[in-house]
$ cat start-v5.txt   # compact mmCIF, C-alpha atoms
# COMPACT_ATOMS: atom_id res chain seq x y z
CA MET A 1 11.08 -37.70 -33.41
CA ALA A 2 10.11 -40.07 -30.59
CA ARG A 3 12.00 -41.48 -27.60
CA ARG A 4 10.87 -44.61 -25.78
CA PHE A 5 11.93 -45.62 -22.31
CA PHE A 6 11.35 -48.54 -19.96
CA LEU A 7 11.74 -47.48 -16.32
CA ASP A 8 11.52 -49.70 -13.29
CA PHE A 9 9.98 -47.40 -10.68
CA GLN A 10 8.33 -48.28 -7.36
CA GLY A 11 7.94 -51.91 -8.34
CA SER A 12 6.30 -51.23 -11.70
CA ILE A 13 7.70 -51.27 -15.23
CA TRP A 14 6.86 -47.98 -16.93
CA TYR A 15 6.93 -47.53 -20.66
CA ILE A 16 7.16 -43.85 -21.59
CA GLU A 17 7.15 -42.42 -25.07
CA ILE A 18 8.07 -38.77 -25.59
CA THR A 19 7.43 -37.30 -29.02
CA LYS A 20 9.11 -34.03 -30.00
CA ALA A 21 7.15 -31.48 -32.02
CA GLN A 22 10.22 -30.35 -33.98
CA SER A 23 13.43 -32.03 -35.08
CA ASP A 24 15.88 -29.28 -34.26
CA CYS A 25 16.16 -30.18 -30.57
CA LYS A 26 15.25 -26.64 -29.55
CA SER A 27 11.49 -26.89 -29.11
CA THR A 28 10.07 -27.31 -25.61
CA GLN A 29 6.84 -28.86 -26.83
CA TYR A 30 6.62 -32.59 -26.09
CA THR A 31 3.93 -35.24 -26.16
CA ALA A 32 4.19 -37.91 -23.48
CA LEU A 33 2.46 -41.26 -23.68
CA CYS A 34 2.51 -43.28 -20.45
CA LEU A 35 1.39 -46.71 -21.46
CA ASN A 36 1.45 -48.14 -17.96
CA ARG A 37 -0.74 -45.53 -16.25
CA PRO A 38 -1.89 -43.00 -18.85
CA GLU A 39 -4.24 -41.26 -16.43
CA SER A 40 -1.18 -40.18 -14.44
CA CYS A 41 0.63 -38.36 -17.21
CA VAL A 42 1.78 -35.01 -15.90
CA ARG A 43 2.74 -31.64 -17.17
CA PRO A 44 5.54 -29.93 -15.24
CA GLY A 45 5.14 -26.17 -15.12
CA SER A 46 8.27 -25.61 -17.24
CA SER A 47 7.23 -27.80 -20.21
CA SER A 48 4.11 -28.61 -22.15
CA LEU A 49 3.33 -32.30 -21.77
CA THR A 50 -0.01 -33.69 -22.90
CA ALA A 51 -1.47 -37.17 -22.81
CA THR A 52 -2.03 -38.59 -26.30
CA PRO A 53 -4.42 -41.40 -27.35
CA ASP A 54 -3.08 -44.51 -29.06
CA ALA A 55 -5.51 -46.56 -31.13
CA ASP A 56 -3.63 -49.79 -30.50
CA ASN A 57 -3.18 -49.70 -26.74
CA HIS A 58 -6.85 -49.79 -25.59
CA LEU A 59 -6.23 -46.79 -23.33
CA ASN A 60 -9.00 -44.45 -24.49
CA MET A 61 -7.14 -41.46 -23.09
CA ARG A 62 -8.75 -38.04 -23.13
CA LYS A 63 -7.81 -35.74 -25.98
CA GLU A 64 -7.65 -32.68 -23.76
CA GLU A 65 -4.58 -31.82 -21.79
CA ILE A 66 -4.21 -33.68 -18.49
CA LEU A 67 -2.88 -31.41 -15.79
CA MET A 68 -0.23 -32.38 -13.35
CA LYS A 69 -1.25 -34.52 -10.39
CA LYS A 70 0.11 -33.65 -6.98
CA LYS A 71 2.70 -36.39 -6.83
CA ASN A 72 6.32 -35.34 -6.84
CA TRP A 73 7.60 -38.81 -7.71
CA LEU A 74 5.67 -38.89 -10.97
CA THR A 75 6.76 -35.39 -11.92
CA ALA A 76 10.35 -36.42 -11.36
CA LEU A 77 9.81 -39.59 -13.43
CA LEU A 78 8.66 -37.77 -16.56
CA ALA A 79 11.10 -34.92 -16.09
CA GLY A 80 13.91 -37.46 -15.98
CA ALA A 81 12.61 -39.08 -19.14
CA MET A 82 12.57 -35.72 -20.90
CA VAL A 83 16.18 -35.06 -19.92
CA LEU A 84 17.15 -38.45 -21.36
CA SER A 85 15.30 -37.58 -24.56
CA LEU A 86 17.09 -34.27 -24.93
CA ALA A 87 20.46 -35.85 -24.25
CA ALA A 88 19.82 -38.48 -26.91
CA CYS A 89 18.68 -35.82 -29.36
CA GLY A 90 21.86 -33.88 -28.85
CA SER A 91 24.01 -36.96 -29.33
CA GLY A 92 23.41 -37.51 -33.03
CA ASP A 93 19.88 -38.13 -34.30
CA ASN A 94 20.04 -34.90 -36.27
CA GLY A 95 23.53 -35.41 -37.54
CA GLY A 96 25.08 -31.99 -37.24
CA SER A 97 23.02 -30.80 -34.24
CA THR A 98 24.71 -29.04 -31.36
CA PRO A 99 25.41 -31.29 -28.34
CA ALA A 100 23.27 -30.79 -25.25
CA THR A 101 24.56 -28.87 -22.27
CA ASP A 102 26.26 -30.64 -19.37
CA ASN A 103 23.01 -31.06 -17.42
CA GLY A 104 21.10 -32.28 -20.46
CA THR A 105 18.94 -29.20 -20.90
CA PRO A 106 19.46 -26.66 -23.66
CA ALA A 107 17.95 -23.75 -21.75
CA ALA A 108 19.36 -22.06 -18.65
CA ASP A 109 17.46 -21.94 -15.37
CA THR A 110 15.50 -18.71 -15.23
CA GLY A 111 15.60 -18.56 -11.44
CA THR A 112 11.94 -17.63 -11.25
CA PRO A 113 10.19 -18.62 -8.01
CA ALA A 114 7.68 -20.88 -9.75
CA ALA A 115 10.47 -23.08 -11.07
CA ASP A 116 11.31 -24.26 -7.60
CA ALA A 117 8.12 -23.84 -5.65
CA GLY A 118 5.14 -26.01 -4.95
CA ASN A 119 3.32 -29.09 -6.16
CA SER A 120 -0.15 -27.68 -6.84
CA THR A 121 -1.65 -27.27 -10.28
CA ALA A 122 -3.82 -24.61 -11.83
CA ASP A 123 -6.87 -26.64 -10.73
CA GLU A 124 -5.76 -27.23 -7.15
CA PRO A 125 -5.07 -24.71 -4.38
CA PHE A 126 -1.60 -24.37 -2.90
CA GLU A 127 -1.27 -26.22 0.38
CA ILE A 128 0.52 -24.07 2.93
CA SER A 129 1.64 -24.84 6.47
CA MET A 130 1.29 -21.95 8.92
CA VAL A 131 2.92 -22.20 12.36
CA LEU A 132 2.04 -19.51 14.91
CA LYS A 133 3.95 -18.67 18.09
CA THR A 134 0.88 -19.79 19.99
CA ASN A 135 -2.81 -20.18 19.26
CA SER A 136 -3.96 -19.32 22.77
CA ALA A 137 -3.42 -15.54 22.77
CA GLU A 138 -5.72 -12.91 21.29
CA PHE A 139 -2.95 -11.43 19.17
CA TRP A 140 -2.35 -14.74 17.42
CA GLN A 141 -6.04 -15.45 17.05
CA LEU A 142 -6.29 -12.22 15.06
CA VAL A 143 -3.26 -13.22 12.97
CA GLN A 144 -5.03 -16.51 12.26
CA ALA A 145 -8.25 -14.67 11.44
CA GLY A 146 -6.37 -12.64 8.84
CA ALA A 147 -4.87 -15.76 7.27
CA GLU A 148 -8.24 -17.49 7.18
CA ALA A 149 -9.84 -14.41 5.65
CA TYR A 150 -7.47 -14.63 2.68
CA GLU A 151 -8.16 -18.37 2.40
CA LYS A 152 -11.92 -17.75 2.44
CA GLU A 153 -11.62 -15.08 -0.25
CA HIS A 154 -9.39 -17.29 -2.44
CA PRO A 155 -10.46 -20.93 -1.95
CA ASP A 156 -9.19 -21.74 -5.42
CA LEU A 157 -5.69 -20.51 -4.58
CA VAL A 158 -4.85 -21.69 -1.08
CA LYS A 159 -5.56 -24.34 1.53
CA LEU A 160 -4.08 -23.64 4.97
CA SER A 161 -2.96 -25.88 7.80
CA ILE A 162 -2.66 -23.59 10.84
CA LYS A 163 -1.24 -24.65 14.18
CA GLY A 164 0.61 -23.27 17.19
CA PRO A 165 1.97 -24.38 20.57
CA PRO A 166 0.13 -23.67 23.85
CA SER A 167 2.33 -20.71 24.84
CA GLU A 168 5.18 -18.51 23.63
CA SER A 169 7.58 -20.44 25.83
CA SER A 170 6.65 -23.82 24.32
CA TYR A 171 9.81 -23.97 22.26
CA ASP A 172 10.05 -27.72 21.84
CA GLU A 173 6.41 -28.03 20.82
CA GLN A 174 6.85 -25.48 18.05
CA LEU A 175 10.08 -27.10 16.84
CA ASN A 176 8.27 -30.44 16.66
CA MET A 177 5.44 -28.88 14.65
CA VAL A 178 7.84 -27.39 12.14
CA SER A 179 9.87 -30.58 11.94
CA THR A 180 6.75 -32.64 11.26
CA ASP A 181 5.40 -30.29 8.60
CA LEU A 182 8.72 -30.23 6.76
CA THR A 183 8.24 -33.95 6.09
CA VAL A 184 4.74 -33.50 4.62
CA GLU A 185 5.22 -33.77 0.87
CA SER A 186 1.95 -32.08 -0.06
CA PHE A 187 2.89 -28.72 1.44
CA ASP A 188 3.94 -26.16 -1.15
CA GLY A 189 5.36 -23.65 1.30
CA TYR A 190 5.77 -22.76 4.96
CA LEU A 191 4.73 -19.70 6.97
CA ILE A 192 6.55 -19.61 10.31
CA ALA A 193 6.50 -17.20 13.26
CA PRO A 194 9.53 -18.54 15.14
CA LEU A 195 9.87 -18.66 18.90
CA GLN A 196 13.57 -19.42 18.43
CA SER A 197 14.78 -18.02 15.14
CA GLU A 198 18.17 -19.74 15.08
CA ALA A 199 16.69 -23.16 15.84
CA ILE A 200 14.10 -22.75 13.09
CA ALA A 201 16.80 -21.60 10.66
CA THR A 202 18.63 -24.86 11.32
CA GLN A 203 15.46 -26.88 10.79
CA ILE A 204 14.64 -25.37 7.41
CA ALA A 205 18.21 -25.47 6.09
CA ASN A 206 17.57 -28.46 3.83
CA THR A 207 14.08 -27.74 2.57
CA ASP A 208 13.63 -27.09 -1.14
CA LYS A 209 10.33 -25.27 -0.60
CA PRO A 210 9.85 -21.56 0.13
CA VAL A 211 9.59 -20.23 3.67
CA ILE A 212 8.12 -16.89 4.73
CA ALA A 213 8.76 -15.62 8.25
CA PHE A 214 6.09 -13.50 9.90
CA ASP A 215 6.13 -11.44 13.09
CA THR A 216 9.75 -12.44 13.77
CA ARG A 217 12.57 -12.71 11.27
CA ILE A 218 14.46 -15.91 10.44
CA GLU A 219 18.00 -15.42 9.16
CA SER A 220 18.15 -18.06 6.42
CA ASP A 221 18.58 -18.17 2.66
CA LYS A 222 15.46 -20.34 2.56
CA VAL A 223 13.33 -17.39 3.65
CA VAL A 224 11.98 -15.47 0.67
CA SER A 225 10.24 -12.70 2.63
CA PHE A 226 9.47 -11.35 6.09
CA VAL A 227 5.93 -10.12 6.78
CA GLY A 228 5.28 -8.06 9.88
CA THR A 229 5.99 -4.94 11.83
CA GLY A 230 9.27 -3.11 11.93
CA ASN A 231 9.50 -3.96 15.64
CA ARG A 232 12.34 -1.62 16.45
CA GLU A 233 10.78 1.40 14.80
CA ALA A 234 7.33 0.65 16.22
CA ALA A 235 8.73 0.38 19.75
CA LYS A 236 10.65 3.61 19.23
CA GLN A 237 7.47 5.42 18.19
CA GLY A 238 5.70 4.08 21.26
CA ALA A 239 8.54 5.13 23.56
CA ILE A 240 8.60 8.67 22.15
CA ALA A 241 4.85 8.95 22.75
CA ALA A 242 5.31 7.55 26.28
CA VAL A 243 7.94 10.16 27.16
CA GLU A 244 5.62 12.93 25.97
CA ALA A 245 2.78 11.45 28.05
CA ALA A 246 5.06 11.26 31.10
CA LYS A 247 5.99 14.93 30.70
CA ALA A 248 2.29 15.82 30.40
CA ALA A 249 1.60 13.84 33.60
CA GLY A 250 4.09 15.99 35.49
CA TRP A 251 7.17 13.78 35.58
CA THR A 252 10.51 15.60 35.50
CA ASP A 253 12.82 12.64 36.17
CA ILE A 254 11.69 10.37 33.36
CA LYS A 255 13.06 6.89 33.90
CA CYS A 256 11.81 3.84 32.00
CA ILE A 257 11.94 0.19 33.02
CA GLU A 258 11.03 -2.57 30.60
CA ILE A 259 9.24 -5.79 31.45
CA ALA A 260 10.60 -7.83 28.59
CA GLY A 261 9.61 -11.03 26.83
CA VAL A 262 11.85 -13.98 26.11
CA GLN A 263 15.54 -13.27 26.49
CA GLY A 264 17.36 -13.85 23.22
CA ASP A 265 14.20 -13.74 21.10
CA ALA A 266 14.80 -11.58 18.04
CA THR A 267 11.50 -9.73 18.32
CA ASN A 268 12.06 -9.02 22.00
CA THR A 269 15.54 -7.70 21.25
CA ALA A 270 14.31 -5.44 18.43
CA ARG A 271 11.56 -3.97 20.60
CA MET A 272 13.96 -3.38 23.49
CA GLU A 273 16.32 -1.53 21.19
CA GLY A 274 13.43 0.61 19.95
CA PHE A 275 12.22 1.40 23.47
CA ARG A 276 15.76 2.36 24.49
CA GLU A 277 16.29 4.65 21.50
CA GLY A 278 12.91 6.33 21.79
CA VAL A 279 13.22 7.03 25.52
CA ASN A 280 16.82 8.22 25.47
CA GLU A 281 16.42 10.39 22.37
CA SER A 282 13.32 12.08 23.81
CA GLY A 283 14.95 13.18 27.05
CA GLY A 284 14.23 10.18 29.27
CA GLU A 285 16.48 7.43 30.61
CA PHE A 286 16.06 3.77 29.76
CA LEU A 287 17.36 1.71 32.69
CA ASP A 288 19.14 -1.22 31.03
CA ALA A 289 20.23 -2.69 34.37
CA GLU A 290 16.62 -2.92 35.54
CA VAL A 291 15.13 -4.88 32.63
CA GLN A 292 12.84 -7.63 33.93
CA TYR A 293 12.31 -10.76 31.79
CA ALA A 294 8.82 -12.23 32.06
CA ASN A 295 8.89 -14.70 29.15
CA ALA A 296 6.03 -12.80 27.47
CA VAL A 297 3.40 -14.08 29.94
CA ALA A 298 1.17 -12.09 32.28
CA ASP A 299 1.69 -14.01 35.51
CA GLN A 300 5.44 -13.49 35.38
CA ALA A 301 4.88 -9.81 34.60
CA VAL A 302 3.01 -9.51 37.91
CA VAL A 303 6.07 -10.79 39.75
CA CYS A 304 8.31 -8.40 37.83
CA MET A 305 6.08 -5.42 38.61
CA GLU A 306 6.06 -6.28 42.28
CA ALA A 307 9.87 -6.34 42.22
CA ILE A 308 9.99 -2.94 40.52
CA MET A 309 7.67 -1.36 43.09
CA SER A 310 9.74 -2.84 45.88
CA LYS A 311 12.97 -1.34 44.50
CA TYR A 312 11.39 1.96 43.38
CA PRO A 313 8.77 2.74 46.04
CA ASP A 314 8.45 6.37 44.92
CA GLY A 315 7.34 5.37 41.45
CA VAL A 316 8.75 5.19 37.93
CA ALA A 317 7.68 7.43 35.07
CA ILE A 318 7.35 4.72 32.37
CA ILE A 319 6.85 0.97 32.41
CA CYS A 320 7.12 -0.44 28.89
CA THR A 321 6.43 -4.06 28.04
CA ASN A 322 7.07 -6.47 25.21
CA ASN A 323 3.36 -7.23 24.75
CA ASP A 324 -0.09 -6.13 25.89
CA ASP A 325 -0.77 -9.05 28.22
CA MET A 326 2.24 -8.07 30.32
CA ALA A 327 1.35 -4.37 30.20
CA ILE A 328 -2.17 -5.00 31.50
CA ALA A 329 -0.87 -7.33 34.23
CA ALA A 330 1.72 -4.78 35.32
CA ALA A 331 -0.80 -1.91 35.37
CA ARG A 332 -3.29 -3.90 37.43
CA THR A 333 -0.56 -4.91 39.87
CA ALA A 334 0.38 -1.26 40.42
CA ALA A 335 -3.19 0.07 40.46
CA ALA A 336 -3.44 0.18 44.25
CA ASN A 337 -0.09 1.96 44.68
CA PRO A 338 -0.64 5.76 44.74
CA ASN A 339 2.99 6.42 43.79
CA TYR A 340 2.34 4.70 40.47
CA ALA A 341 -0.92 6.50 39.76
CA ASN A 342 0.71 8.71 37.12
CA THR A 343 3.00 6.05 35.69
CA VAL A 344 2.75 5.63 31.92
CA PHE A 345 2.14 1.96 31.07
CA LEU A 346 3.07 1.23 27.46
CA GLY A 347 2.07 -2.05 25.83
CA PHE A 348 2.85 -3.51 22.43
CA ASP A 349 0.52 -5.31 19.99
CA GLY A 350 -2.79 -3.42 20.11
CA GLN A 351 -4.97 -6.30 21.25
CA ILE A 352 -8.69 -5.66 21.78
CA SER A 353 -8.26 -6.25 25.52
CA ALA A 354 -5.45 -3.68 25.61
CA CYS A 355 -7.51 -1.13 23.71
CA GLU A 356 -10.36 -1.69 26.17
CA ALA A 357 -7.90 -1.12 29.02
CA VAL A 358 -6.82 2.13 27.36
CA VAL A 359 -10.44 3.27 27.05
CA SER A 360 -11.03 2.55 30.75
CA GLY A 361 -7.84 4.32 31.81
CA GLU A 362 -6.23 1.17 33.14
CA LEU A 363 -3.51 1.21 30.46
CA THR A 364 -1.99 4.40 29.05
CA MET A 365 -1.14 3.37 25.48
CA THR A 366 0.00 0.56 23.23
CA ALA A 367 2.08 0.38 20.07
CA ALA A 368 -0.33 -1.52 17.87
CA GLN A 369 0.60 -3.97 15.20
CA ASN A 370 -1.87 -4.68 12.44
CA ASN A 371 -1.93 -8.34 13.36
CA PHE A 372 -4.89 -9.19 11.16
CA ASP A 373 -2.91 -7.81 8.23
CA ILE A 374 0.15 -9.83 9.25
CA GLY A 375 -1.80 -13.06 8.79
CA TYR A 376 -3.55 -11.91 5.63
CA LYS A 377 -0.43 -10.60 3.93
CA ALA A 378 1.71 -13.56 4.95
CA VAL A 379 -0.60 -15.90 3.05
CA GLU A 380 -1.01 -13.45 0.17
CA THR A 381 2.76 -13.09 -0.20
CA MET A 382 3.31 -16.85 -0.22
CA VAL A 383 0.65 -17.34 -2.89
CA GLN A 384 2.22 -14.60 -5.01
CA TYR A 385 5.61 -16.27 -4.71
CA LEU A 386 4.24 -19.69 -5.62
CA GLN A 387 2.58 -18.16 -8.66
CA GLY A 388 5.96 -16.94 -9.84
CA GLU A 389 5.61 -13.29 -8.87
CA LYS A 390 8.43 -11.29 -7.36
CA VAL A 391 7.84 -10.52 -3.68
CA GLU A 392 9.39 -7.94 -1.37
CA GLU A 393 12.01 -9.05 1.15
CA PHE A 394 10.12 -7.09 3.84
CA VAL A 395 6.36 -6.61 3.74
CA ASP A 396 5.66 -3.94 6.38
CA THR A 397 2.16 -4.23 7.84
CA GLY A 398 2.39 -0.91 9.68
CA THR A 399 2.06 0.43 13.23
CA GLU A 400 -0.18 2.87 15.07
CA ILE A 401 0.05 4.26 18.60
CA ILE A 402 -3.22 3.64 20.44
CA THR A 403 -4.38 6.17 23.03
CA LYS A 404 -7.80 7.14 24.38
CA GLU A 405 -8.39 9.16 21.24
CA ASN A 406 -8.36 6.22 18.83
CA ALA A 407 -8.75 3.12 21.00
CA GLN A 408 -12.48 2.62 20.43
CA ALA A 409 -12.11 2.83 16.66
CA ARG A 410 -9.52 0.07 16.77
CA ILE A 411 -11.74 -2.05 19.02
CA ASP A 412 -14.55 -1.80 16.50
CA ARG A 413 -12.27 -2.69 13.61
CA MET A 414 -10.59 -5.63 15.36
CA SER A 415 -13.93 -6.98 16.61
CA SER A 416 -15.27 -7.07 13.08
CA TYR A 417 -12.35 -9.30 12.07
CA MET A 418 -13.22 -11.88 14.72
CA LYS A 419 -16.82 -12.35 13.53
$ encode --input "start-v5.txt" --output "structure tokens"
Amino acid sequence: MARRFFLDFQGSIWYIEITKAQSDCKSTQYTALCLNRPESCVRPGSSSLTATPDADNHLNMRKEEILMKKKNWLTALLAGAMVLSLAACGSGDNGGSTPATDNGTPAADTGTPAADAGNSTADEPFEISMVLKTNSAEFWQLVQAGAEAYEKEHPDLVKLSIKGPPSESSYDEQLNMVSTDLTVESFDGYLIAPLQSEAIATQIANTDKPVIAFDTRIESDKVVSFVGTGNREAAKQGAIAAVEAAKAAGWTDIKCIEIAGVQGDATNTARMEGFREGVNESGGEFLDAEVQYANAVADQAVVCMEAIMSKYPDGVAIICTNNDDMAIAAARTAAANPNYANTVFLGFDGQISACEAVVSGELTMTAAQNNFDIGYKAVETMVQYLQGEKVEEFVDTGTEIITKENAQARIDRMSSYMK
């Protein structure tokens, strides 16, 4: 059985012939002959379409199967033609055949990820947009190194476009990057580490392509997975270790002040909650009223530390921070103050520079994320999803508390990733 269609599309008249392998209207095997541009015949992933030679049309088409080109408009064109063919088949060519379903397709949607995701073919790598919080900090350079490591290992599977704003307070720049990439038709999926989760959730609300959040969650039904650290639990582990270190240093009145990141940021909030729980549950006191916001940058952390020393001239047992850059800045600011000589300075991230500061005694400890793994697994998870595999809603990349005992080993490992 054959169906022939003339379609006026993008200024050209297309003649499409779809031949069905069986006459019972249940087979999903079709042969498509595109007489206008035969080299552009496509095969959507859910059907089996092959280009077929015609002795009378001078086309000299290849006999082998022609795989789908990365053009959404052409995929839609042939898919629409197939739907028309099925509808016509159900309307009476076989006499007593069962009518087609309301949407013209006899089979129900399986709901598998591959049915909705991506434009790439088996011969072309998936094109994935990756937007970092910034590309100027060591932490994010290691995240990028992890992503690029996966790309290098699997050049046949993925092609990345990685970008990030100049700082973690460059909100508008990141929003513009995401907005621009959402309009790029060739991207098969998006990896986003949001500076403002709610704003990003609004931006991606209308995309029909998969999104994976990494480092910071995005509350959206468009997000198929989150890859990163359990920030609250990691901060809690760090705080518990900090309280124990403060006790070992001779502190009896164990108060903790946080130099925080960006107010309202989901990651900052989760880490603050973890610090609070860990300190309070271990016998210390987290001073909520004294939290200092430094927008996740070192120079503002210096100002915050100076304010803390001014208000608490006799010292504070624990200073915890939202990231390592702020922890190092705070520790250096207090280094000349003898009343802060035994203060426990707790960072978060596990950057090489922070580990070096731990080795030298400048910084006490840091709750380390496996940031290389965050980048690697974010890309890996997206590729798995695009290939139709089921992925976890939360891919935990783990945490370790870095002290003098294990700091050098982490330095060696992280340095090898940057080569």
$ residues_around --input "start-v5.txt" --residues "region 365-376 of chain A" --least-positions-apart "3" --cutoff "6 Å" --atoms "all atoms listed in the file" --output "list in words"
Leu142, Val143, Gln144, Gly146, Ala147, Tyr150, Gly228, Gly238, Leu346, Gly347, Phe348, Asp349, Gly350, Val379, Thr399, Glu400, Ile401, Ile402 and Thr403 of chain A
$ closest_atom_pairs --input "start-v5.txt" --of "region 238-279 of chain A" --to "region 304-310 of chain A" --cutoff "10 Å" --atoms "only C-alpha atoms" --output "CSV"
residue,atom,partner,partner_atom,distance
A:Ile257,CA,A:Ile308,CA,8.4
A:Glu258,CA,A:Cys304,CA,9.7
A:Ile259,CA,A:Cys304,CA,7.0
A:Ala260,CA,A:Cys304,CA,9.5
$ closest_residue --input "start-v5.txt" --among "A:Val391, A:Ala294, A:Ala266, A:Val158" --to "Glu198 (chain A)" --atoms "all atoms listed in the file"
A:Ala266
$ closest_residue --input "start-v5.txt" --among "A:Ala317, A:Ala357, A:Phe226, A:Leu363" --to "Thr397 (chain A)" --atoms "all atoms listed in the file"
A:Phe226
$ atom_distance --input "start-v5.txt" --atom1 "CA of Arg271 (chain A)" --atom2 "CA of Lys390 (chain A)"
29.1 Å
$ closest_residue --input "start-v5.txt" --among "A:Phe214, A:Tyr312, A:Trp140, A:Phe275" --to "Phe394 (chain A)" --atoms "only C-alpha atoms"
A:Phe214
$ closest_residue --input "start-v5.txt" --among "A:Lys404, A:Arg217, A:Lys133, A:Arg276" --to "Ala235 (chain A)" --atoms "all atoms listed in the file"
A:Arg276
$ residues_around --input "start-v5.txt" --residues "region 169-174 of chain A" --least-positions-apart "6" --cutoff "10 Å" --atoms "all atoms listed in the file" --output "VMD selection string"
chain A and resid 131 to 134 163 180 192 to 196 199 to 200 261 to 262 295 to 297
$ write_last_selection --input "start-v5.txt" --atoms "C-alpha atoms" --output "short mmCIF file (atom, residue, chain, number, x, y, z; two decimals), in the frame of the given file"
data_model
loop_
_atom_site.label_atom_id
_atom_site.label_comp_id
_atom_site.auth_asym_id
_atom_site.auth_seq_id
_atom_site.Cartn_x
_atom_site.Cartn_y
_atom_site.Cartn_z
CA VAL A 131 2.92 -22.20 12.36
CA LEU A 132 2.04 -19.51 14.91
CA LYS A 133 3.95 -18.67 18.09
CA THR A 134 0.88 -19.79 19.99
CA LYS A 163 -1.24 -24.65 14.18
CA THR A 180 6.75 -32.64 11.26
CA ILE A 192 6.55 -19.61 10.31
CA ALA A 193 6.50 -17.20 13.26
CA PRO A 194 9.53 -18.54 15.14
CA LEU A 195 9.87 -18.66 18.90
CA GLN A 196 13.57 -19.42 18.43
CA ALA A 199 16.69 -23.16 15.84
CA ILE A 200 14.10 -22.75 13.09
CA GLY A 261 9.61 -11.03 26.83
CA VAL A 262 11.85 -13.98 26.11
CA ASN A 295 8.89 -14.70 29.15
CA ALA A 296 6.03 -12.80 27.47
CA VAL A 297 3.40 -14.08 29.94
#
$ residues_around --input "start-v5.txt" --residues "Ile128 (chain A)" --least-positions-apart "4" --cutoff "10 Å" --atoms "only C-alpha atoms" --output "VMD selection string"
chain A and resid 118 158 to 162 181 186 to 191 211 379 382 to 383
$ atom_distance --input "start-v5.txt" --atom1 "CA of Leu386 (chain A)" --atom2 "CA of Gln203 (chain A)"
21.1 Å
$ closest_residue --input "start-v5.txt" --among "A:Ala241, A:Gln387, A:Met130, A:Ala298" --to "Ser167 (chain A)" --atoms "only C-alpha atoms"
A:Ala298
